[in-house]
Amino acid sequence: MSITPTATRDAAIGEAIRAGRTSLGIELGSTRIKACLIGEIPTDVLAVGSHAWENTFEDRLWTYSLDDVWSGLQAAYADLVADVQTRYGVTPDTFGTIGVSAMMHGYLAFDAAGDLLVPFRTWRNTNTGPAVAVLSDLFEVNIPHRWSIAHVYQAVLDEEPHVPRIDSVTTLAGYVHWRLAGRRVLGVGDASGMFPIDSATHHYDRDLLDRFAGLGTGLDLAALLPEVLVAGTPAGELTADGAALLDPTGTLRPGIALCPPEGDAGTGMVATNAVAPRTGNVSAGTSIFAMVVLEHPLRHAHHELDLVTTPAGDPVAMVHCNNGASELAAWVGMFARFAEASGQPVDMDAVYETLFREALTGDPDAGGLLAYNHLAGEPIAGLAEGRPLFVRTPDSSFTLANAMRAQLYGVFGTLALGMRVLEDEGVALDRMFAHGGMFRTAGVAQRFLAGALGAPVAVGETAAEGGAWGIAVLAAYLSRAEDTDLATYLDSHVFADADIDVAEPRPEDVAGFATYLDRYRAGLAVEAAAVTAL
């Protein structure tokens with residue numbers, strides 16, 4: 001995938017942009033809000049824009065302010081428009097379709113007037129333990145801490161005063177879509193992180209809704225939750241108010257069709273062509289998660305596995321870890337600062353490249369070093385709070401190569417614990433696709449992940465664009481949905497000529513990571529002690 005068209009194509013692209021023969025994807029990630037514009041050929045990325053933002057920890061809960069949502073969206077959109085102007089000399093005032101994606105799950109509750117009742121509670125919060133225990137037992141399905149229904153019921157258990165005033169509950173993607181298009185809808189993939197989905201009907205599980213009603217909360221969940229839509233279903237049009245929210249300059253015109261809003265897990269599946277059975281993907285950012293499309297139902301419920309869906313509604317087992325590459329980034333930043341302080345500043349991409357390449361020379365088991373990336377609580381690892389740790393014994397091989405290999409392994413540690421459960425369930429994988437910034441350095445994180453999973457790992461040219469490109473593709477699919485299903489569309493129209501690199505698991509990496517994981521599992525007792533003591 002490239003955003004460097006030849007000079008002879010610029011005029012034609014400019015005309016296509018003026019005519020609205022494009023699709024715009026916007027994704028609100030954990031640390032960046034990204035905008036991605038694609039042409040009539042979905043792999044043609046015409047322009048991009050982004051804006052950095054961060055969550056805050058307030059009253060012991062992770063949150064983002066809604067003011068930051070809109071200022072960030074506007075900044076990312078303006079950045080994309082500036083990129084279009086620079087490259088093609090035009091200012092877009094319309095698009096063929098628009099799609100919105102964001103971090104899944106969490107809790108956004110509104111009253112009848114549309115006012116937010118409590119600050120946005122993100123996927124990162126793990127305060128919902130009592131609700132999770134009750135609901136998982138009641139539904140006989142694993143209900144993760146971050147799911148919206150867990151937040152709803154925890155608010156009930158805590159007797160929060162806003163509960164009787166709840167008129168609607170949604171996710172971040174659902175909220176942004178509602179403000180842009182005036183419709184309270186949600187793509188089925190994102191909806192499956194709010195409440196369990198019936199894979200036969202592609203709607204909320206009616207039996208489980210009835211079981212929840214039996215708890216006597218007084219809440220009518222069917223009325224509170226967004227309408228569920230599968231990929232390719234029209235989800236409204238950009239309103240005049242929505243256009244002004246996205247583009248305060250007044251240039252953007254209303255009337256643009258929107259696809260169903262999706263979560264970052266769903267867009268990651270699209271961005272890696274992992275929506276068919278026996279395929280899966282790993283998305284690494286502030287969090288890290290793996291999605292595996294199932295051929296058959298799992299035999300048992302497991303607290304390490306979430307049952308969600310693809311954007312088309314097919315069942316998926318998800319291993320979601322609250323902590324991804326943030327701690328790794330902090331270590332890389334420290335080395336970048338050392339270079340700067342020494343009077344020899346190095347570009348951040350070059351720092352990543354150098355340290356990742358060094359990791360390749362480390363011992364297969366990282367020399368006995370351990371890195372825990374837990375900035376936040378991690379339910380799979382049994383941790384209510386996070387304490388990043390770097391641990392070694394006196395006889396460990398403490399080298400730069402092993403330290404960086406341990407940090408990279410640490411990103412995959414908790415994920416691997418969950419994936420081992422899928423192996424025990426007999427779930428087969430032909431190939432895993434990986435995307436996220438840490439895979440930009442070719443052949444390093446990809447190779448280590450193949451060793452951690454014991455399966456081939458593919459990385460394509462879309463790895464850096466990720467979910468913003470994925471939701472742009474889902475927006476483009478609106479015009480093709482009547483003719484083909486999503487998996488066929490991706491195979492035939494998006495990935496048919498994709499340049500994909502596949503890393504096969506190396507025996508020494510598989511054995512080395514297995515040793516590391518055994519040590520990692522044992523060392524979780526140190527992590528738990530740190531949470532208690534610090």
# chains A, B, ... in the order shown; residues from 1 in each chain; ligands from 1
>>> residues_around(residues="segment 434-449 of chain A", least_positions_apart="4", cutoff="9 Å", atoms="only C-alpha atoms", output="number ranges by chain")
A: 268, 271-272, 280-285, 290, 325, 349, 352-353, 356-357, 359-360, 405, 408-409, 412, 453-460, 462-467, 501-506, 509-510, 513
>>> select_by_dssp(residues="segment 164-298 of chain A", states="helix (DSSP H, G or I)", output="VMD selection string")
chain A and resid 164 to 165 172 to 181 188 to 191 206 to 213 221 to 224 240 to 246 264 to 271
>>> residues_around(residues="Ser65 of chain A", least_positions_apart="2", cutoff="12 Å", atoms="only C-alpha atoms", output="number ranges by chain")
A: 53-58, 62-63, 67-72, 108, 116, 118-122, 172
>>> write_last_selection(atoms="C-alpha atoms", output="compact mmCIF listing (two decimals), in the first residue's frame")
# COMPACT_ATOMS: atom_id res chain seq x y z
CA TRP A 53 -4.17 12.06 22.52
CA GLU A 54 -3.99 10.24 25.83
CA ASN A 55 -6.38 8.85 28.39
CA THR A 56 -6.38 10.22 31.94
CA PHE A 57 -6.77 8.44 35.27
CA GLU A 58 -9.42 10.30 37.27
CA TRP A 62 -9.45 5.61 32.95
CA THR A 63 -11.28 8.12 30.78
CA ASP A 67 -14.27 17.62 24.40
CA ASP A 68 -11.02 15.84 23.57
CA VAL A 69 -12.92 13.44 21.32
CA TRP A 70 -14.17 16.28 19.13
CA SER A 71 -11.08 18.46 19.19
CA GLY A 72 -9.04 15.38 18.32
CA LEU A 108 -20.95 5.83 27.66
CA LEU A 116 -23.48 12.26 29.31
CA VAL A 118 -20.84 10.04 34.01
CA PRO A 119 -17.38 10.42 32.42
CA PHE A 120 -16.58 7.91 29.68
CA ARG A 121 -15.28 4.70 31.27
CA THR A 122 -12.90 3.05 28.84
CA LEU A 172 -17.13 5.42 21.61
>>> closest_residue(among="A:Leu429, A:Val169, A:Ile98, A:Met269", to="Ser479 of chain A", atoms="only C-alpha atoms")
A:Ile98
>>> closest_residue(among="A:Pro130, A:Gly512, A:Pro164, A:Gly266", to="Leu369 of chain A", atoms="only C-alpha atoms")
A:Gly512
>>> residues_around(residues="His303 of chain A", least_positions_apart="2", cutoff="10 Å", atoms="only C-alpha atoms", output="tab-separated table (two decimals) with N, CA and C atoms, in the first residue's frame")
chain	number	residue	atom	x	y	z
A	132	VAL	N	-18.89	-8.84	36.77
A	132	VAL	CA	-18.39	-9.92	35.90
A	132	VAL	C	-18.70	-11.27	36.51
A	136	SER	N	-21.24	-13.57	34.37
A	136	SER	CA	-20.64	-14.76	33.75
A	136	SER	C	-21.34	-16.03	34.22
A	141	VAL	N	-21.54	-17.57	30.03
A	141	VAL	CA	-20.65	-17.03	29.00
A	141	VAL	C	-19.67	-16.11	29.71
A	142	ASN	N	-18.40	-16.13	29.30
A	142	ASN	CA	-17.44	-15.22	29.91
A	142	ASN	C	-17.79	-13.78	29.58
A	143	ILE	N	-18.00	-12.98	30.60
A	143	ILE	CA	-18.25	-11.54	30.43
A	143	ILE	C	-17.00	-10.81	30.92
A	144	PRO	N	-16.23	-10.21	30.03
A	144	PRO	CA	-14.99	-9.53	30.42
A	144	PRO	C	-15.27	-8.26	31.23
A	300	HIS	N	-16.08	-25.13	26.21
A	300	HIS	CA	-16.25	-24.58	27.55
A	300	HIS	C	-16.09	-23.06	27.52
A	301	ALA	N	-16.62	-22.41	28.54
A	301	ALA	CA	-16.37	-20.99	28.74
A	301	ALA	C	-15.02	-20.85	29.45
A	305	LEU	N	-10.96	-15.97	27.35
A	305	LEU	CA	-11.47	-15.83	25.99
A	305	LEU	C	-12.80	-15.09	25.97
A	306	ASP	N	-12.91	-14.11	25.10
A	306	ASP	CA	-14.18	-13.42	24.86
A	306	ASP	C	-14.78	-13.96	23.58
A	319	VAL	N	-8.75	-12.97	22.46
A	319	VAL	CA	-7.89	-12.87	23.63
A	319	VAL	C	-7.50	-11.41	23.73
A	379	PRO	N	-6.78	-8.78	33.65
A	379	PRO	CA	-7.58	-9.90	34.16
A	379	PRO	C	-7.04	-11.28	33.79
A	380	ILE	N	-6.53	-11.44	32.57
A	380	ILE	CA	-6.03	-12.75	32.17
A	380	ILE	C	-4.90	-13.20	33.09
A	418	GLY	N	-3.43	-16.62	26.96
A	418	GLY	CA	-4.77	-16.85	26.42
A	418	GLY	C	-4.77	-17.74	25.21
A	421	VAL	N	-4.91	-21.41	25.79
A	421	VAL	CA	-6.24	-21.95	26.07
A	421	VAL	C	-6.94	-22.34	24.77
>>> closest_residue(among="A:Gly367, A:Gly25, A:Gly20, A:Pro315", to="Val48 of chain A", atoms="only C-alpha atoms")
A:Gly25
>>> residues_around(residues="segment 389-399 of chain A", least_positions_apart="4", cutoff="9 Å", atoms="only C-alpha atoms", output="JSON, numbers by chain")
{"A": [362, 363, 366, 367, 368, 369, 370, 371, 372, 373, 374, 403, 404, 406, 407, 523, 526, 527, 530]}
>>> write_last_selection(atoms="N, CA and C atoms", output="short mmCIF file (atom, residue, chain, number, x, y, z; two decimals), in the first residue's frame")
data_model
loop_
_atom_site.label_atom_id
_atom_site.label_comp_id
_atom_site.auth_asym_id
_atom_site.auth_seq_id
_atom_site.Cartn_x
_atom_site.Cartn_y
_atom_site.Cartn_z
N GLY A 362 19.78 -11.67 20.55
CA GLY A 362 19.65 -12.15 21.91
C GLY A 362 19.44 -13.65 22.00
N ASP A 363 19.49 -14.18 23.22
CA ASP A 363 19.24 -15.61 23.43
C ASP A 363 17.77 -15.92 23.16
N ALA A 366 15.60 -15.04 25.93
CA ALA A 366 15.91 -13.70 26.44
C ALA A 366 16.88 -13.76 27.62
N GLY A 367 17.65 -14.82 27.69
CA GLY A 367 18.73 -14.89 28.67
C GLY A 367 18.30 -14.92 30.12
N GLY A 368 17.07 -15.34 30.37
CA GLY A 368 16.60 -15.39 31.75
C GLY A 368 16.01 -14.08 32.24
N LEU A 369 15.91 -13.06 31.38
CA LEU A 369 15.31 -11.79 31.76
C LEU A 369 13.80 -11.85 31.59
N LEU A 370 13.08 -11.08 32.39
CA LEU A 370 11.63 -11.02 32.30
C LEU A 370 11.18 -9.56 32.24
N ALA A 371 10.21 -9.29 31.37
CA ALA A 371 9.63 -7.94 31.27
C ALA A 371 8.12 -8.04 31.35
N TYR A 372 7.56 -7.34 32.30
CA TYR A 372 6.10 -7.28 32.46
C TYR A 372 5.64 -5.89 32.04
N ASN A 373 4.70 -5.83 31.10
CA ASN A 373 4.27 -4.57 30.49
C ASN A 373 2.99 -4.03 31.12
N HIS A 374 2.68 -4.44 32.35
CA HIS A 374 1.37 -4.17 32.94
C HIS A 374 1.29 -2.76 33.54
N ALA A 403 17.76 -7.74 26.89
CA ALA A 403 16.81 -6.81 27.49
C ALA A 403 15.72 -6.42 26.49
N MET A 404 16.12 -6.15 25.25
CA MET A 404 15.13 -5.76 24.25
C MET A 404 14.30 -6.96 23.80
N ALA A 406 13.49 -9.41 25.74
CA ALA A 406 12.54 -9.60 26.84
C ALA A 406 11.40 -8.60 26.75
N GLN A 407 11.70 -7.36 26.40
CA GLN A 407 10.64 -6.36 26.27
C GLN A 407 9.67 -6.72 25.15
N GLY A 523 6.62 -15.93 37.43
CA GLY A 523 6.93 -14.60 37.95
C GLY A 523 5.72 -13.71 38.16
N VAL A 526 5.41 -12.31 41.49
CA VAL A 526 6.16 -11.09 41.78
C VAL A 526 5.33 -9.87 41.40
N GLU A 527 4.66 -9.95 40.26
CA GLU A 527 3.78 -8.87 39.82
C GLU A 527 2.69 -8.61 40.84
N ALA A 530 3.96 -6.88 43.81
CA ALA A 530 4.24 -5.46 43.54
C ALA A 530 2.97 -4.63 43.62
#
>>> residues_around(residues="Leu490 of chain A", least_positions_apart="6", cutoff="10 Å", atoms="only C-alpha atoms", output="PDB file with N, CA and C atoms, in the first residue's frame")
ATOM      1  N   PRO A  42      -9.473   0.000  -3.215  1.00  0.00           N
ATOM      2  CA  PRO A  42      -9.326   0.149  -1.760  1.00  0.00           C
ATOM      3  C   PRO A  42      -7.890   0.199  -1.256  1.00  0.00           C
ATOM      4  N   VAL A 270     -10.556  -6.704   9.368  1.00  0.00           N
ATOM      5  CA  VAL A 270     -10.680  -6.311   7.963  1.00  0.00           C
ATOM      6  C   VAL A 270      -9.315  -5.921   7.404  1.00  0.00           C
ATOM      7  N   ALA A 271      -8.549  -5.162   8.168  1.00  0.00           N
ATOM      8  CA  ALA A 271      -7.252  -4.673   7.696  1.00  0.00           C
ATOM      9  C   ALA A 271      -6.254  -5.794   7.468  1.00  0.00           C
ATOM     10  N   THR A 272      -6.519  -6.963   8.038  1.00  0.00           N
ATOM     11  CA  THR A 272      -5.612  -8.095   7.888  1.00  0.00           C
ATOM     12  C   THR A 272      -6.262  -9.265   7.154  1.00  0.00           C
ATOM     13  N   ASN A 273      -7.426  -9.042   6.560  1.00  0.00           N
ATOM     14  CA  ASN A 273      -8.146 -10.094   5.826  1.00  0.00           C
ATOM     15  C   ASN A 273      -8.312 -11.343   6.679  1.00  0.00           C
ATOM     16  N   ALA A 274      -8.781 -11.141   7.891  1.00  0.00           N
ATOM     17  CA  ALA A 274      -8.934 -12.245   8.834  1.00  0.00           C
ATOM     18  C   ALA A 274     -10.388 -12.331   9.278  1.00  0.00           C
ATOM     19  N   VAL A 275     -11.302 -12.565   8.333  1.00  0.00           N
ATOM     20  CA  VAL A 275     -12.723 -12.662   8.668  1.00  0.00           C
ATOM     21  C   VAL A 275     -13.305 -14.027   8.322  1.00  0.00           C
ATOM     22  N   VAL A 473     -12.231   0.693   4.333  1.00  0.00           N
ATOM     23  CA  VAL A 473     -12.608  -0.430   3.472  1.00  0.00           C
ATOM     24  C   VAL A 473     -14.052  -0.849   3.753  1.00  0.00           C
ATOM     25  N   LEU A 474     -14.453  -0.902   5.031  1.00  0.00           N
ATOM     26  CA  LEU A 474     -15.844  -1.234   5.352  1.00  0.00           C
ATOM     27  C   LEU A 474     -16.801  -0.188   4.792  1.00  0.00           C
ATOM     28  N   TYR A 477     -17.189  -0.903   1.187  1.00  0.00           N
ATOM     29  CA  TYR A 477     -17.967  -2.135   0.986  1.00  0.00           C
ATOM     30  C   TYR A 477     -19.466  -1.855   0.891  1.00  0.00           C
ATOM     31  N   THR A 484     -21.843  -9.307  -2.960  1.00  0.00           N
ATOM     32  CA  THR A 484     -20.855 -10.247  -2.441  1.00  0.00           C
ATOM     33  C   THR A 484     -20.766 -10.149  -0.924  1.00  0.00           C
ATOM     34  N   ALA A 496      -6.366  -9.286  -3.272  1.00  0.00           N
ATOM     35  CA  ALA A 496      -6.019 -10.201  -4.363  1.00  0.00           C
ATOM     36  C   ALA A 496      -4.555 -10.057  -4.773  1.00  0.00           C
TER      37      ALA A 496
END
>>> select_by_dssp(residues="segment 155-328 of chain A", states="strand (DSSP E)", output="count of residues only")
40
>>> closest_residue(among="A:Ile471, A:Ile256, A:Val188, A:Ala339", to="Lys34 of chain A", atoms="only C-alpha atoms")
A:Ile471
